[in-house]
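The structure appears right after this line, and notes come after that.
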Amino acid sequence: MKVLIRADANLKTGTGHIMRCAALGEKLMVSGASVRFLSSSLPAGLAKWVRDCGFELTTLPNESTSNWHADFDATSKVVREIGGIDLLIVDHYFLDQKWESKMRPYTKRILVIDDLANRYHDCDFLLDQNLHENPQARYLKLLPKSAMLFLGPQFACLRNEFDGEGLNFVRDGKVKRLLVFFGGTDPGNQTLKVIEALRSLGTEAPESTIVLGPANPFGDMIHACTNGLRNISVLDATDEMSKLIQQADMGIGTCGVAAWERCIFGLPSLVAITAENQREDAEILDRLGAVDNLGDAELLNSIHWKFAISRAINDPDRIRRMSVASKDVMVGRSEAFSKFLRILLDVS
């Protein structure tokens, strides 16, 4: 089975498209599929990460992404060169029905991954792994009637390290260790605000692990700011995120893929909204009691983070309830995602 993934990443859109596609691609490769990424210029660290995961990566010429016609020409050329594909996966906010319809002759099936519900699609399957109010209604008039929908975090594309017994993980609510991760880019440098909050907490500050994404532009600054701080460690990247989540008592970061990774292991979290497509997740998870949503990241400073961290430390009963609520979000995922994967593999 040949699979082509058309997805991009940059400082503005973040790395979430690539990350969730890589997680799905990993599952497909384990089942015997060959998976190739087709992307416009990725940050160097992210391109290396994609290849290190075992995927082939073809980079589109810069001029090929100037409009959807040029993008189609470049994509279809690649498909012809590799002799056709069985499944085309599209995770791209700037491609829609026009591009997808033109790609129909080059593939047996098309899977669109989306969470905006703001444009028409010509696809066989649509995956939206985020939380929404009335999710079915959002896509009612945007898809062919024959398209199959897979909606909600039960279909979240997570890496293989998150398979297994995460839902049995129990926490006591005491916050002694933090895990800080603001996604692959963290364009507003929320990480630095959290570091300043931890500094101001002094001896009350929990031991903290900070993970920087592969395209984070502030890596040198973060390392310099934490140099000499014995209770803070910084990792430029990790392939053991599930282990770090299990070791932590509370997470700090954003929603999106990272939220579902934390929820699998019931990690209560403080979250900020760094992109509009995270807003509903953050608000609904907060209402469910799974996270503490601090709101728009650009409006936050270190004092907001200090107060939220201190509040969590002083209320273990609340943190324990948050842990249970976050685990509940992912109940049923293993069975649901396995069914979704079987359907995709059957297209050949």
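Chain identifiers are assigned as A, B, and so on, following the order in which chains appear in the structure tokens; residues are numbered from 1 within each chain, and ligands are numbered from 1 in order of appearance.
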
Write out as a short mmCIF file (atom, residue, chain, number, x, y, z; two decimals) with N, CA and C atoms, in the first residue's frame all residues of range 25-174 of chain A that DSSP puts in helix (DSSP H, G or I) for this structure's backbone.
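That gives us states_30.cif:
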```cif
data_model
loop_
_atom_site.label_atom_id
_atom_site.label_comp_id
_atom_site.auth_asym_id
_atom_site.auth_seq_id
_atom_site.Cartn_x
_atom_site.Cartn_y
_atom_site.Cartn_z
N GLY A 25 1.09 8.02 10.04
CA GLY A 25 1.98 7.33 9.12
C GLY A 25 2.75 6.21 9.78
N GLU A 26 3.14 6.43 11.04
CA GLU A 26 3.85 5.40 11.81
C GLU A 26 2.99 4.15 11.94
N LYS A 27 1.70 4.35 12.23
CA LYS A 27 0.78 3.21 12.36
C LYS A 27 0.62 2.48 11.03
N LEU A 28 0.52 3.25 9.95
CA LEU A 28 0.35 2.64 8.63
C LEU A 28 1.60 1.85 8.22
N MET A 29 2.78 2.38 8.53
CA MET A 29 4.02 1.67 8.19
C MET A 29 4.14 0.36 8.96
N VAL A 30 3.74 0.37 10.24
CA VAL A 30 3.77 -0.86 11.03
C VAL A 30 2.89 -1.93 10.39
N ALA A 44 14.72 23.02 9.26
CA ALA A 44 15.73 21.96 9.10
C ALA A 44 15.59 20.87 10.16
N GLY A 45 15.38 21.28 11.40
CA GLY A 45 15.26 20.30 12.47
C GLY A 45 14.06 19.39 12.30
N LEU A 46 12.97 19.95 11.79
CA LEU A 46 11.76 19.16 11.59
C LEU A 46 11.91 18.22 10.40
N ALA A 47 12.55 18.67 9.34
CA ALA A 47 12.78 17.81 8.18
C ALA A 47 13.63 16.60 8.58
N LYS A 48 14.65 16.84 9.38
CA LYS A 48 15.49 15.74 9.87
C LYS A 48 14.67 14.79 10.72
N TRP A 49 13.80 15.34 11.56
CA TRP A 49 12.97 14.50 12.43
C TRP A 49 12.06 13.60 11.60
N VAL A 50 11.47 14.14 10.54
CA VAL A 50 10.59 13.34 9.68
C VAL A 50 11.36 12.17 9.07
N ARG A 51 12.55 12.45 8.58
CA ARG A 51 13.36 11.39 7.98
C ARG A 51 13.83 10.39 9.03
N ASP A 52 14.17 10.88 10.21
CA ASP A 52 14.61 9.98 11.28
C ASP A 52 13.49 9.03 11.72
N ASN A 62 9.74 26.03 -3.89
CA ASN A 62 9.02 27.14 -3.26
C ASN A 62 7.92 27.71 -4.15
N GLU A 63 8.18 27.81 -5.45
CA GLU A 63 7.19 28.39 -6.35
C GLU A 63 5.97 27.49 -6.52
N SER A 64 6.08 26.21 -6.12
CA SER A 64 4.98 25.27 -6.29
C SER A 64 3.85 25.52 -5.31
N THR A 65 4.11 26.25 -4.24
CA THR A 65 3.09 26.48 -3.23
C THR A 65 2.49 27.88 -3.31
N TRP A 68 -3.00 27.01 -5.42
CA TRP A 68 -3.38 25.60 -5.42
C TRP A 68 -3.14 24.93 -6.77
N HIS A 69 -3.21 25.70 -7.86
CA HIS A 69 -2.92 25.13 -9.19
C HIS A 69 -1.47 24.66 -9.25
N ALA A 70 -0.56 25.51 -8.82
CA ALA A 70 0.86 25.14 -8.84
C ALA A 70 1.13 23.98 -7.90
N ASP A 71 0.45 24.00 -6.75
CA ASP A 71 0.62 22.91 -5.78
C ASP A 71 0.14 21.59 -6.38
N PHE A 72 -0.99 21.62 -7.07
CA PHE A 72 -1.49 20.41 -7.72
C PHE A 72 -0.51 19.90 -8.77
N ASP A 73 0.01 20.79 -9.60
CA ASP A 73 0.95 20.39 -10.64
C ASP A 73 2.16 19.68 -10.04
N ALA A 74 2.70 20.26 -8.95
CA ALA A 74 3.89 19.68 -8.33
C ALA A 74 3.55 18.35 -7.65
N THR A 75 2.40 18.29 -6.98
CA THR A 75 2.02 17.07 -6.28
C THR A 75 1.73 15.93 -7.26
N SER A 76 0.96 16.22 -8.29
CA SER A 76 0.63 15.18 -9.27
C SER A 76 1.88 14.67 -9.99
N LYS A 77 2.85 15.55 -10.19
CA LYS A 77 4.11 15.13 -10.81
C LYS A 77 4.82 14.11 -9.94
N VAL A 78 4.86 14.36 -8.64
CA VAL A 78 5.49 13.41 -7.71
C VAL A 78 4.76 12.07 -7.74
N VAL A 79 3.42 12.12 -7.75
CA VAL A 79 2.64 10.88 -7.75
C VAL A 79 2.93 10.08 -9.02
N ARG A 80 3.01 10.75 -10.15
CA ARG A 80 3.33 10.04 -11.40
C ARG A 80 4.72 9.41 -11.33
N GLU A 81 5.65 10.11 -10.73
CA GLU A 81 7.02 9.60 -10.63
C GLU A 81 7.12 8.35 -9.77
N GLN A 97 -11.51 21.55 -1.77
CA GLN A 97 -12.18 20.72 -2.75
C GLN A 97 -11.58 20.83 -4.14
N LYS A 98 -11.20 22.02 -4.55
CA LYS A 98 -10.67 22.21 -5.91
C LYS A 98 -9.42 21.37 -6.12
N TRP A 99 -8.48 21.45 -5.20
CA TRP A 99 -7.23 20.70 -5.28
C TRP A 99 -7.50 19.20 -5.17
N GLU A 100 -8.35 18.83 -4.22
CA GLU A 100 -8.65 17.40 -3.97
C GLU A 100 -9.32 16.76 -5.18
N SER A 101 -10.25 17.48 -5.80
CA SER A 101 -10.94 16.93 -6.97
C SER A 101 -9.97 16.68 -8.12
N LYS A 102 -9.02 17.58 -8.29
CA LYS A 102 -8.01 17.40 -9.35
C LYS A 102 -7.11 16.20 -9.07
N MET A 103 -6.94 15.85 -7.78
CA MET A 103 -6.08 14.74 -7.41
C MET A 103 -6.79 13.39 -7.51
N ARG A 104 -8.09 13.38 -7.72
CA ARG A 104 -8.86 12.13 -7.74
C ARG A 104 -8.29 11.06 -8.68
N PRO A 105 -7.90 11.41 -9.92
CA PRO A 105 -7.41 10.37 -10.83
C PRO A 105 -6.09 9.73 -10.39
N TYR A 106 -5.42 10.32 -9.41
CA TYR A 106 -4.08 9.86 -9.03
C TYR A 106 -4.06 8.99 -7.78
N PRO A 135 -20.14 18.38 16.70
CA PRO A 135 -19.12 18.16 15.66
C PRO A 135 -19.69 17.69 14.32
N GLN A 136 -20.71 16.84 14.33
CA GLN A 136 -21.29 16.35 13.07
C GLN A 136 -21.84 17.49 12.23
N ALA A 137 -22.48 18.44 12.89
CA ALA A 137 -23.13 19.53 12.17
C ALA A 137 -22.13 20.44 11.48
N ARG A 138 -20.91 20.51 11.99
CA ARG A 138 -19.91 21.43 11.43
C ARG A 138 -19.58 21.09 9.98
N PRO A 153 -11.43 13.17 19.98
CA PRO A 153 -10.13 12.65 20.42
C PRO A 153 -10.04 11.13 20.49
N GLN A 154 -11.18 10.42 20.37
CA GLN A 154 -11.11 8.96 20.29
C GLN A 154 -10.38 8.52 19.03
N PHE A 155 -10.27 9.43 18.06
CA PHE A 155 -9.57 9.13 16.81
C PHE A 155 -8.24 9.89 16.73
N ASN A 160 3.19 5.60 18.59
CA ASN A 160 3.06 4.26 19.16
C ASN A 160 3.38 4.23 20.65
N GLU A 161 4.22 5.15 21.14
CA GLU A 161 4.58 5.14 22.56
C GLU A 161 3.38 5.43 23.45
N PHE A 162 2.28 5.93 22.87
CA PHE A 162 1.08 6.23 23.66
C PHE A 162 0.04 5.12 23.60
N GLY A 166 -2.31 3.44 29.28
CA GLY A 166 -2.33 4.79 29.82
C GLY A 166 -3.54 5.08 30.69
N LEU A 167 -4.69 4.53 30.33
CA LEU A 167 -5.91 4.86 31.06
C LEU A 167 -5.94 4.28 32.46
N ASN A 168 -5.03 3.37 32.78
CA ASN A 168 -4.97 2.81 34.12
C ASN A 168 -4.04 3.59 35.05
#
```

Query - Leu179 in chain A environment, 9 Å, only C-alpha atoms, sequence neighbours closer than 5 positions dropped, as a VMD selection string - result: chain A and resid 207 to 211 244 to 245 247 to 253

Query raised in the report: Got a sec: who's within 8 Å of Val347 in chain A, counting only C-alpha atoms, leaving out chain neighbours fewer than 4 positions off, as a PyMOL selection string?
Result: chain A and resi 86-87+108-109+343

Dump of N, CA and C atoms for the selected residues, as a PDB file, in the first residue's frame:
```pdb
ATOM      1  N   ASP A  86      -2.209   4.624  -3.263  1.00  0.00           N
ATOM      2  CA  ASP A  86      -3.478   4.055  -2.824  1.00  0.00           C
ATOM      3  C   ASP A  86      -4.255   5.015  -1.933  1.00  0.00           C
ATOM      4  N   LEU A  87      -3.527   5.789  -1.134  1.00  0.00           N
ATOM      5  CA  LEU A  87      -4.193   6.686  -0.188  1.00  0.00           C
ATOM      6  C   LEU A  87      -3.450   8.020  -0.147  1.00  0.00           C
ATOM      7  N   LYS A 108      -6.555   6.155  -5.052  1.00  0.00           N
ATOM      8  CA  LYS A 108      -7.796   5.396  -4.863  1.00  0.00           C
ATOM      9  C   LYS A 108      -8.718   6.074  -3.848  1.00  0.00           C
ATOM     10  N   ARG A 109      -8.151   6.614  -2.781  1.00  0.00           N
ATOM     11  CA  ARG A 109      -8.959   7.241  -1.744  1.00  0.00           C
ATOM     12  C   ARG A 109      -8.242   8.482  -1.206  1.00  0.00           C
ATOM     13  N   ILE A 343     -10.081   0.543   8.444  1.00  0.00           N
ATOM     14  CA  ILE A 343     -10.789   1.090   7.272  1.00  0.00           C
ATOM     15  C   ILE A 343      -9.818   1.707   6.281  1.00  0.00           C
TER      16      ILE A 343
END
```

Just want the 9 Å neighbourhood of Ile89 in chain A, counted on only C-alpha atoms, with same-chain residues fewer than 2 positions away dropped. Output as a PDB file with N, CA and C atoms, in the first residue's frame.
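Below is the file part.pdb, written as the result:
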```
ATOM      1  N   VAL A   3       1.204   5.296   0.407  1.00  0.00           N
ATOM      2  CA  VAL A   3       0.521   6.421   1.045  1.00  0.00           C
ATOM      3  C   VAL A   3       1.349   7.686   0.825  1.00  0.00           C
ATOM      4  N   LEU A   4       0.682   8.751   0.415  1.00  0.00           N
ATOM      5  CA  LEU A   4       1.334  10.053   0.289  1.00  0.00           C
ATOM      6  C   LEU A   4       0.645  11.024   1.242  1.00  0.00           C
ATOM      7  N   ILE A   5       1.443  11.724   2.047  1.00  0.00           N
ATOM      8  CA  ILE A   5       0.922  12.720   2.986  1.00  0.00           C
ATOM      9  C   ILE A   5       1.339  14.102   2.516  1.00  0.00           C
ATOM     10  N   ARG A   6       0.356  14.959   2.283  1.00  0.00           N
ATOM     11  CA  ARG A   6       0.631  16.355   1.900  1.00  0.00           C
ATOM     12  C   ARG A   6       0.362  17.235   3.113  1.00  0.00           C
ATOM     13  N   ALA A   7       1.439  17.699   3.750  1.00  0.00           N
ATOM     14  CA  ALA A   7       1.317  18.518   4.956  1.00  0.00           C
ATOM     15  C   ALA A   7       2.524  19.436   5.063  1.00  0.00           C
ATOM     16  N   CYS A  21       0.239  13.755  11.410  1.00  0.00           N
ATOM     17  CA  CYS A  21       0.382  12.904  10.222  1.00  0.00           C
ATOM     18  C   CYS A  21       1.483  11.866  10.411  1.00  0.00           C
ATOM     19  N   LEU A  87      -3.527   5.789  -1.134  1.00  0.00           N
ATOM     20  CA  LEU A  87      -4.193   6.686  -0.188  1.00  0.00           C
ATOM     21  C   LEU A  87      -3.450   8.020  -0.147  1.00  0.00           C
ATOM     22  N   ASP A  91      -3.431  17.241   4.996  1.00  0.00           N
ATOM     23  CA  ASP A  91      -3.579  17.970   6.255  1.00  0.00           C
ATOM     24  C   ASP A  91      -3.020  19.364   6.022  1.00  0.00           C
ATOM     25  N   ARG A 109      -8.151   6.614  -2.781  1.00  0.00           N
ATOM     26  CA  ARG A 109      -8.959   7.241  -1.744  1.00  0.00           C
ATOM     27  C   ARG A 109      -8.242   8.482  -1.206  1.00  0.00           C
ATOM     28  N   ILE A 110      -9.024   9.397  -0.649  1.00  0.00           N
ATOM     29  CA  ILE A 110      -8.474  10.619  -0.065  1.00  0.00           C
ATOM     30  C   ILE A 110      -8.975  10.759   1.376  1.00  0.00           C
ATOM     31  N   LEU A 111      -8.040  10.958   2.284  1.00  0.00           N
ATOM     32  CA  LEU A 111      -8.347  11.278   3.678  1.00  0.00           C
ATOM     33  C   LEU A 111      -7.945  12.720   3.927  1.00  0.00           C
ATOM     34  N   VAL A 112      -8.896  13.526   4.390  1.00  0.00           N
ATOM     35  CA  VAL A 112      -8.609  14.905   4.792  1.00  0.00           C
ATOM     36  C   VAL A 112      -8.572  14.972   6.315  1.00  0.00           C
ATOM     37  N   ILE A 113      -7.533  15.584   6.851  1.00  0.00           N
ATOM     38  CA  ILE A 113      -7.465  15.879   8.280  1.00  0.00           C
ATOM     39  C   ILE A 113      -7.678  17.373   8.437  1.00  0.00           C
TER      40      ILE A 113
END
```

Query raised in the report: Skipping near chain neighbours, those fewer than 6 positions away, what residues fall within 12 Å of Val170 in chain A using only C-alpha atoms, listed as number ranges by chain?
Result: A: 246-249, 263-268, 319-327

Query - d(CA of Ser146 in chain A, CA of His121 in chain A) in Å - result: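 These two atoms are separated by 11.9 Å.
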
Report task. Work out how far CA of Glu196 in chain A is from CA of Pro43 in chain A, in Å to one decimal. Result ->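 The value is 27.5 Å.
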
Query raised in the report: Can you list every residue in range 31-258 of chain A that DSSP puts in strand (DSSP E), as an MDAnalysis selection string?
Result: chainID A and resid 34:39 56:59 85:91 107:113 125:128 148:151 177:181 207:211 232:235 250:253

Requested in this report: Name the residues in contact with Asp186 in chain A at a cut-off of 10 Å, using only C-alpha atoms, excluding same-chain residues fewer than 2 positions from it; report them as a PyMOL selection string.
Outcome: chain A and resi 11-12+14-15+181-184+188-192+212-213+215-218+253-254+274

Requested in this report: Determine the nearest neighbour of Leu288 in chain A from the options A:Asp328, A:Asp220, A:Asp315, A:Asp172, counting only C-alpha atoms.
Outcome: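 Of A:Asp328, A:Asp220, A:Asp315, A:Asp172, the one nearest Leu288 in chain A is A:Asp328, counting only C-alpha atoms.
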
Report task. For Val291 in chain A, list every protein, DNA or RNA residue within 6 Å, evaluated using only C-alpha atoms, and leave out those in the same chain fewer than 5 positions away; present the list as an NGL selection string. Result -> :A and (268-270 or 285-286)

Report summary line: Counting only C-alpha atoms, closest pick from A:Glu283, A:Asn231, A:Asp96, A:Ser338 relative to Leu201 in chain A is A:Asn231

Requested in this report: Using only C-alpha atoms, pick whichever of A:Leu341, A:Pro144, A:Asn301, A:Ser233 has the shortest atom-to-atom distance to Cys123 in chain A.
Outcome: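 Answer, going by the shortest atom-to-atom distance: A:Pro144.
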
Query raised in the report: Out of A:Ala258, A:Ala224, A:Val180, A:Ile273, which residue has the shortest atom-to-atom distance to Ile309 in chain A when counting only C-alpha atoms?
Result: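 Using only C-alpha atoms, the shortest distance to Ile309 in chain A belongs to A:Val180.
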
Report task. Pick out the closest residue to Val257 in chain A from this set: A:Arg199, A:Arg36, A:Arg159, A:Lys243. Count only C-alpha atoms. Result ->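 Nearest candidate to Val257 in chain A out of A:Arg199, A:Arg36, A:Arg159, A:Lys243: A:Arg159.
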